[in-house]
Structure formats: structure tokens, C-alpha cells
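Below is one structure; the comments refer to it alone.
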Amino acid sequence: MHFAEDANSAERLKVNAPYYFKHYALKPNESKQVNPLTTIYAGYEALPESIRTKISADWLGYDSFYFNDVTVDEIAIYSVKTQDGTVMYAIEKVAQIEVSNLDMLMLMGLIVSVGLMTIIIVTYLSIRMTNRLSQPFIDIAEQLTHGHDVDDLSPVTTAKETSFESELILDSINQYRKRIKNLIKREQNFSRYISHELRTPMTVIKGSLSVLRKKVRTNQPFDMAAQTTRIDDAVLDMEKLTQAILTLSREQEYQQLVTIDQELLATLTDKCQMLADKNKVTLSMSLSQTFTLPVEANLLAVLTQNLLNNAINCSIDGEVKLVINTKGLSVIDNGVGLSAKPRGYEGFGIGLNIVRDICQRYGWQFDLRDNEGAGCTAKVSFKP
């Protein structure tokens, strides 16, 4: 600030002094106070002794000096030589119009105080903003570390206001947790489903082995080929069922196009014919037209055979019909209906859970309801 004031004084004096010299034609060794701040002098000898100690007789130009006396603290001096050889001096008392040292200290203190206050406020606001941005992440971390049981994969939430970025991260975490939960559920379902679905082929194998043991023990004639064929078929069914349940337990990667025709329906119903004969159930099928369906063939087989087995076990001495068209498939029986439990069978338990999971995989609708007369209808509506 002092530099700016000195520069301003120098420019002011350089402009005003020539005017004063011309307007007041002083004689050699004369002086005149032209205003309360400025005095002009004609010749070196006219200058006060205190000034002559600061400059030489041949000095020209501009400068400023500080004094320690009580009357003058700082002056600005300008000198120029006229045409007649006289050196004219103009002296201005700068201290009276400049900011005092005390005022300067006060001003500097104010500036420093304002600067410190600004830094404090900015720091405080920055900390508040940082805490506001980081708090949702801290809450999420706390919930993941301490707020949830190890087996609890429910969505993570935060009660505090969150930013757009934290919302994206929270959504990604919850999506990931949902995928993990679904994977665990599929693994758990695999164990339940595989034990349920392998029951029938294992029963066939045990039955055939029992017949073979009995025939061998009693030396009775028997058809080895027929029994081994039944065992081979049962083993093949177990492999297909295992593959189907494995397919259901994995995420869907691609879809096959299966041709739905009379040959496929005959294959599906043949697997249930032994149970139908045992329960004295008439098994029939109806296909409106041949068409293709985007589905894994082994899962379609599991779905259809589960619905047929349920219906057969609910319809002792009854009828079961499989109806399929481009809109969906229905299994209709005239058995005990939904209100009664089938004889010696789980009925509407794990088997229908498998059906629901397969339908959910492909976006199909599954519905099970009683008929008006007797029995019930299981209906699967394909995705349009």
C-alpha cells in the first residue's frame, strides 16, 4: 500500500510542480507555500537545512524522505532546472495524506483477520460437505460390517440424505447382494429338487434289482434284458434330471428352440405311463399344432412330468389329460382336487415348487385351481 501511495504522490507532484513554478515566479532563494501540503523553493539555498542534508546542490528529479521529528514524518521532493539556470524545488508533506503506521497496522490486522475467518469458514464448510458426502458410505459400511447378520442378504438402506453417486453405489451393492441371495437360493433348491426328482428312477432301479435278486435266489427263469433295460433307462433318466436341475440352478445363458410335436409329447407322457398304470389312471394328450418354444428341453420335460405325476397321484382310477398349444399347456385331472392330500405322495410340495421356478425362469405364468366338477387344472401360460 505504501508503494502505491508513493507512486501516486510522485505522479501528482510531477504534474502540479511545473504549474506552481510557472504560476509563482519566485526570485532566487525565495519560497512559497502554495497549499497546505506543498511548498516551492527557488534555489538550493532556499531549502530548509533538513532537506539540504538529504540532497546535493546538483540533484534533479523526484525522491521521498523520512524524518523522525514530530512535525514531518515523510516528504516528497521534485526538482527541475529552469532556462535561466535556477533549480526549482517542490516539496509535499506526504505523511499528512497517507495512511499512518497505526492505521496501516490496523488495516493489515483487519485483512489478516478477514483472511483467517474466510479460511476457517471455507474449511468448516469443506468438512461439512465432505462429511455429508462420505456419511452415506460410512453408514453403508457400518451396516455391511455390523448391522447385518452374515446370512442376511436383505437390501442395505440408509436413513440419511444421499448423493446421486452414493445412490448408484448403494443400488449396485444391493443388486450384487440380490444376485448372491439368488445364487444361494438356487443352490439350496438344487439339493431339495435333486433328492425329489431322483426318487422315481432310484425306485425303478431298486425294484429291478430286487426282482433280479429274487429270481437268482429261487433259480426262477427271468428276462435279464428287460430288467437291465429298465435299470439303464432309470440311470439315463437320473442323468437327464440331474442335468435339468443343474440348468435350473444356473443363471440363464441362452435359450434353445424346442419343437413341440406329437413325438415329443409321446416321450413326455411315456415317462409317466408306469405311474399311471399303477394308479389305474387313463393318460391322454392333445396337441393343436406343431410349433417351436424357446426353452431348454430338459426343463420342459421336468415341468411337464411333475405336473403329470401330481395329477396322476391325485386321480386314482381317474383320468389325466395333457393339453398343449402355442399359448400354454394344461394338465387336467378328475381326482381329489386341491383340498385333499394325495395318497402316499407329497402332492403340491417340492414338485410344484420346481414348476414355479421353471416358469419364473422364462417369465411364464403358473396357475393351479379346482375344476367345477372334480379334480383340478394346472395351467402354464407361455410368455407372449
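Ordering of the C-alpha cells sets the chain letters (A, B, ...); residue numbers start at 1 within each chain; ligands are numbered from 1 in the order shown.
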What are the closest atom pairs, with distances in Å to one decimal, for each residue of stretch 212-313 of chain A lying within 9 Å of stretch 351-361 of chain A, using only C-alpha atoms, rows by chain and rising residue number, as a Markdown table?
| residue | atom | partner | partner_atom | distance |
| --- | --- | --- | --- | --- |
| A:Ile245 | CA | A:Ile354 | CA | 8.9 |
| A:Leu248 | CA | A:Ile358 | CA | 7.0 |
| A:Glu251 | CA | A:Arg361 | CA | 8.9 |
| A:Gln252 | CA | A:Arg361 | CA | 7.7 |
| A:Leu299 | CA | A:Ile358 | CA | 7.0 |
| A:Leu300 | CA | A:Ile358 | CA | 8.2 |
| A:Val302 | CA | A:Val355 | CA | 7.9 |
| A:Leu303 | CA | A:Val355 | CA | 5.2 |
| A:Thr304 | CA | A:Val355 | CA | 8.3 |
| A:Asn306 | CA | A:Gly351 | CA | 5.7 |
| A:Leu307 | CA | A:Leu352 | CA | 7.3 |
| A:Asn309 | CA | A:Gly351 | CA | 8.8 |
| A:Asn310 | CA | A:Gly351 | CA | 7.7 |
Selection near stretch 365-373 of chain A, 10 Å with only C-alpha atoms, sequence-local residues under 3 positions removed, as an MDAnalysis selection string:
chainID A and resid 328:339 348 352 355:360 362 376:383
One-decimal distance in Å that lies between atom CA of A:Glu92 and atom CA of A:Ser9:
8.4 Å
Which residues are close to A:Lys178, i.e. within 8 Å by only C-alpha atoms, leaving aside same-chain residues fewer than 3 positions away? Reply as JSON, numbers by chain.
{"A": [153, 154, 155, 174, 175, 181, 182]}
How would you write, as a list in words, the set of residues in stretch 230-334 of chain A that DSSP gives as strand (DSSP E or B)?
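Matching residues, listed in order: Leu257, Val258, Thr259, Ile260, Thr282, Leu283, Ser284, Met285, Ser286, Leu287, Phe291, Thr292, Leu293, Pro294, Glu319, Val320, Lys321, Leu322, Val323, Ile324, Asn325, Gly328, Leu329, Ser330, Val331, Ile332 and Asp333 of chain A.
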Given the selection you just returned, output its residues as a file containing N, CA and C atoms, formatted as a PDB file, in the first residue's frame.
ATOM      1  N   LEU A 257     -34.454 -73.631 -28.958  1.00  0.00           N
ATOM      2  CA  LEU A 257     -35.774 -73.664 -29.599  1.00  0.00           C
ATOM      3  C   LEU A 257     -36.176 -75.130 -29.712  1.00  0.00           C
ATOM      4  N   VAL A 258     -37.181 -75.510 -28.939  1.00  0.00           N
ATOM      5  CA  VAL A 258     -37.637 -76.898 -28.909  1.00  0.00           C
ATOM      6  C   VAL A 258     -38.884 -77.017 -29.776  1.00  0.00           C
ATOM      7  N   THR A 259     -38.912 -78.017 -30.621  1.00  0.00           N
ATOM      8  CA  THR A 259     -40.081 -78.271 -31.464  1.00  0.00           C
ATOM      9  C   THR A 259     -41.090 -79.106 -30.675  1.00  0.00           C
ATOM     10  N   ILE A 260     -42.262 -78.547 -30.500  1.00  0.00           N
ATOM     11  CA  ILE A 260     -43.338 -79.232 -29.773  1.00  0.00           C
ATOM     12  C   ILE A 260     -44.186 -79.984 -30.801  1.00  0.00           C
ATOM     13  N   THR A 282     -56.111 -93.256 -16.695  1.00  0.00           N
ATOM     14  CA  THR A 282     -56.045 -93.150 -18.154  1.00  0.00           C
ATOM     15  C   THR A 282     -55.330 -91.856 -18.516  1.00  0.00           C
ATOM     16  N   LEU A 283     -54.242 -91.963 -19.238  1.00  0.00           N
ATOM     17  CA  LEU A 283     -53.410 -90.806 -19.592  1.00  0.00           C
ATOM     18  C   LEU A 283     -53.562 -90.503 -21.070  1.00  0.00           C
ATOM     19  N   SER A 284     -53.924 -89.256 -21.384  1.00  0.00           N
ATOM     20  CA  SER A 284     -54.105 -88.853 -22.787  1.00  0.00           C
ATOM     21  C   SER A 284     -53.449 -87.499 -23.017  1.00  0.00           C
ATOM     22  N   MET A 285     -53.317 -87.166 -24.308  1.00  0.00           N
ATOM     23  CA  MET A 285     -52.686 -85.884 -24.644  1.00  0.00           C
ATOM     24  C   MET A 285     -53.355 -85.288 -25.863  1.00  0.00           C
ATOM     25  N   SER A 286     -53.226 -83.951 -25.984  1.00  0.00           N
ATOM     26  CA  SER A 286     -53.828 -83.232 -27.106  1.00  0.00           C
ATOM     27  C   SER A 286     -52.900 -82.103 -27.524  1.00  0.00           C
ATOM     28  N   LEU A 287     -52.566 -82.056 -28.825  1.00  0.00           N
ATOM     29  CA  LEU A 287     -51.704 -81.012 -29.382  1.00  0.00           C
ATOM     30  C   LEU A 287     -52.423 -80.356 -30.542  1.00  0.00           C
ATOM     31  N   PHE A 291     -45.285 -76.545 -33.142  1.00  0.00           N
ATOM     32  CA  PHE A 291     -44.713 -75.200 -33.047  1.00  0.00           C
ATOM     33  C   PHE A 291     -43.390 -75.280 -32.282  1.00  0.00           C
ATOM     34  N   THR A 292     -42.659 -74.197 -32.285  1.00  0.00           N
ATOM     35  CA  THR A 292     -41.381 -74.144 -31.557  1.00  0.00           C
ATOM     36  C   THR A 292     -41.547 -73.277 -30.314  1.00  0.00           C
ATOM     37  N   LEU A 293     -40.779 -73.625 -29.272  1.00  0.00           N
ATOM     38  CA  LEU A 293     -40.872 -72.919 -27.997  1.00  0.00           C
ATOM     39  C   LEU A 293     -39.453 -72.653 -27.486  1.00  0.00           C
ATOM     40  N   PRO A 294     -39.127 -71.410 -27.118  1.00  0.00           N
ATOM     41  CA  PRO A 294     -37.789 -71.101 -26.582  1.00  0.00           C
ATOM     42  C   PRO A 294     -37.663 -71.586 -25.138  1.00  0.00           C
ATOM     43  N   GLU A 319     -58.777 -89.982 -14.679  1.00  0.00           N
ATOM     44  CA  GLU A 319     -58.266 -89.608 -15.998  1.00  0.00           C
ATOM     45  C   GLU A 319     -57.388 -88.361 -15.853  1.00  0.00           C
ATOM     46  N   VAL A 320     -56.319 -88.333 -16.645  1.00  0.00           N
ATOM     47  CA  VAL A 320     -55.426 -87.169 -16.704  1.00  0.00           C
ATOM     48  C   VAL A 320     -55.174 -86.855 -18.169  1.00  0.00           C
ATOM     49  N   LYS A 321     -55.307 -85.566 -18.488  1.00  0.00           N
ATOM     50  CA  LYS A 321     -55.146 -85.157 -19.885  1.00  0.00           C
ATOM     51  C   LYS A 321     -54.143 -84.008 -19.979  1.00  0.00           C
ATOM     52  N   LEU A 322     -53.214 -84.136 -20.929  1.00  0.00           N
ATOM     53  CA  LEU A 322     -52.246 -83.085 -21.217  1.00  0.00           C
ATOM     54  C   LEU A 322     -52.672 -82.356 -22.480  1.00  0.00           C
ATOM     55  N   VAL A 323     -52.922 -81.057 -22.360  1.00  0.00           N
ATOM     56  CA  VAL A 323     -53.349 -80.225 -23.494  1.00  0.00           C
ATOM     57  C   VAL A 323     -52.298 -79.140 -23.690  1.00  0.00           C
ATOM     58  N   ILE A 324     -51.785 -79.012 -24.911  1.00  0.00           N
ATOM     59  CA  ILE A 324     -50.739 -78.026 -25.172  1.00  0.00           C
ATOM     60  C   ILE A 324     -50.983 -77.343 -26.508  1.00  0.00           C
ATOM     61  N   ASN A 325     -50.780 -76.028 -26.526  1.00  0.00           N
ATOM     62  CA  ASN A 325     -50.894 -75.232 -27.756  1.00  0.00           C
ATOM     63  C   ASN A 325     -49.896 -74.081 -27.669  1.00  0.00           C
ATOM     64  N   GLY A 328     -49.928 -72.103 -24.254  1.00  0.00           N
ATOM     65  CA  GLY A 328     -49.530 -72.711 -22.997  1.00  0.00           C
ATOM     66  C   GLY A 328     -49.880 -74.185 -22.954  1.00  0.00           C
ATOM     67  N   LEU A 329     -49.712 -74.748 -21.774  1.00  0.00           N
ATOM     68  CA  LEU A 329     -50.074 -76.156 -21.582  1.00  0.00           C
ATOM     69  C   LEU A 329     -50.907 -76.285 -20.313  1.00  0.00           C
ATOM     70  N   SER A 330     -51.800 -77.298 -20.316  1.00  0.00           N
ATOM     71  CA  SER A 330     -52.660 -77.562 -19.172  1.00  0.00           C
ATOM     72  C   SER A 330     -52.647 -79.055 -18.889  1.00  0.00           C
ATOM     73  N   VAL A 331     -52.653 -79.387 -17.613  1.00  0.00           N
ATOM     74  CA  VAL A 331     -52.796 -80.773 -17.169  1.00  0.00           C
ATOM     75  C   VAL A 331     -54.088 -80.837 -16.357  1.00  0.00           C
ATOM     76  N   ILE A 332     -55.068 -81.604 -16.867  1.00  0.00           N
ATOM     77  CA  ILE A 332     -56.407 -81.638 -16.283  1.00  0.00           C
ATOM     78  C   ILE A 332     -56.649 -83.035 -15.723  1.00  0.00           C
ATOM     79  N   ASP A 333     -57.103 -83.080 -14.471  1.00  0.00           N
ATOM     80  CA  ASP A 333     -57.434 -84.382 -13.877  1.00  0.00           C
ATOM     81  C   ASP A 333     -58.812 -84.308 -13.235  1.00  0.00           C
TER      82      ASP A 333
END
